[in-house]
Amino acid sequence: MWHQVILTLRPRSRGFHLITDELLAALPELRQCRVGLLHLWLRHTSASLTINENADAAVRRDFERFFNQLVPQGMGGYEHDYEGPDDLPAHFKASLLGCQLSVPVTEGKLALGTWQGIYLGEHRDQGGPRQVIATLHGMAS
């Protein structure tokens with residue numbers, strides 16, 4: 001079984017956002033997969049995907065604070081500033097976290113841990129809609 005779809009995520013404010021439910025809603029085919037992998041590829045250079053805590057929103061806020069301290073806006077000396085002061089820091093953050101994930105699928109569900117969820121890291125002040133290519137590969141039930 002192979003299935004691929006391009007999902008357009010709604011625009012979000014800058015920060016880390018739990019998108020697990022949005023992805024699952026767009027992938028009803030996942031429920032038919034007994035065992036497999038879901039590969040997610042974010043088609044952007046100023047946003048990221050990662051997996052972490054899904055219960056306490058404070059973790060996502062702390063992620064934003066941490067990455068803003070690690071890669072602050074307004075540092076001089078960089079050439080790439082055509083799209084504003086948040087542009088190059090967004091590229092740095094996206095490279096640190098990455099643009100892809102592979103998640104195991106077991107009995108029609110993502111095999112995430114109890115407290116794990118999929119985050120979109122929106123690193124631009126005005127990022128707009130984001131596209132994710134979701135590729136499901138596995139054995140159908």
# chains A, B, ... in the order shown; residues from 1 in each chain; ligands from 1
$ select_by_dssp --residues "chain A" --states "helix (DSSP H, G or I)" --output "PyMOL selection string"
chain A and resi 20-25+28-32+57-70+87-97
$ select_by_dssp --residues "chain A" --states "strand (DSSP E or B)" --output "VMD selection string"
chain A and resid 2 to 9 15 to 18 33 to 42 47 to 53 100 to 106 109 to 110 116 to 122 130 to 140
$ residues_around --residues "stretch 39-52 of chain A" --least-positions-apart "4" --cutoff "9 Å" --atoms "only C-alpha atoms" --output "PyMOL selection string"
chain A and resi 59-60+87-104+112+115-124+127+130-137
$ residues_around --residues "A:Met75" --least-positions-apart "3" --cutoff "12 Å" --atoms "only C-alpha atoms" --output "PyMOL selection string"
chain A and resi 68-72+78-81+85-89
$ closest_residue --among "A:Cys33, A:Asn54, A:Phe67, A:His3" --to "A:Ile19" --atoms "only C-alpha atoms"
A:Asn54
$ residues_around --residues "A:Arg10" --least-positions-apart "2" --cutoff "7 Å" --atoms "only C-alpha atoms" --output "VMD selection string"
chain A and resid 8 12 129 to 130
$ closest_residue --among "A:Phe16, A:Pro11, A:Phe66, A:Trp2" --to "A:Ala140" --atoms "only C-alpha atoms"
A:Trp2
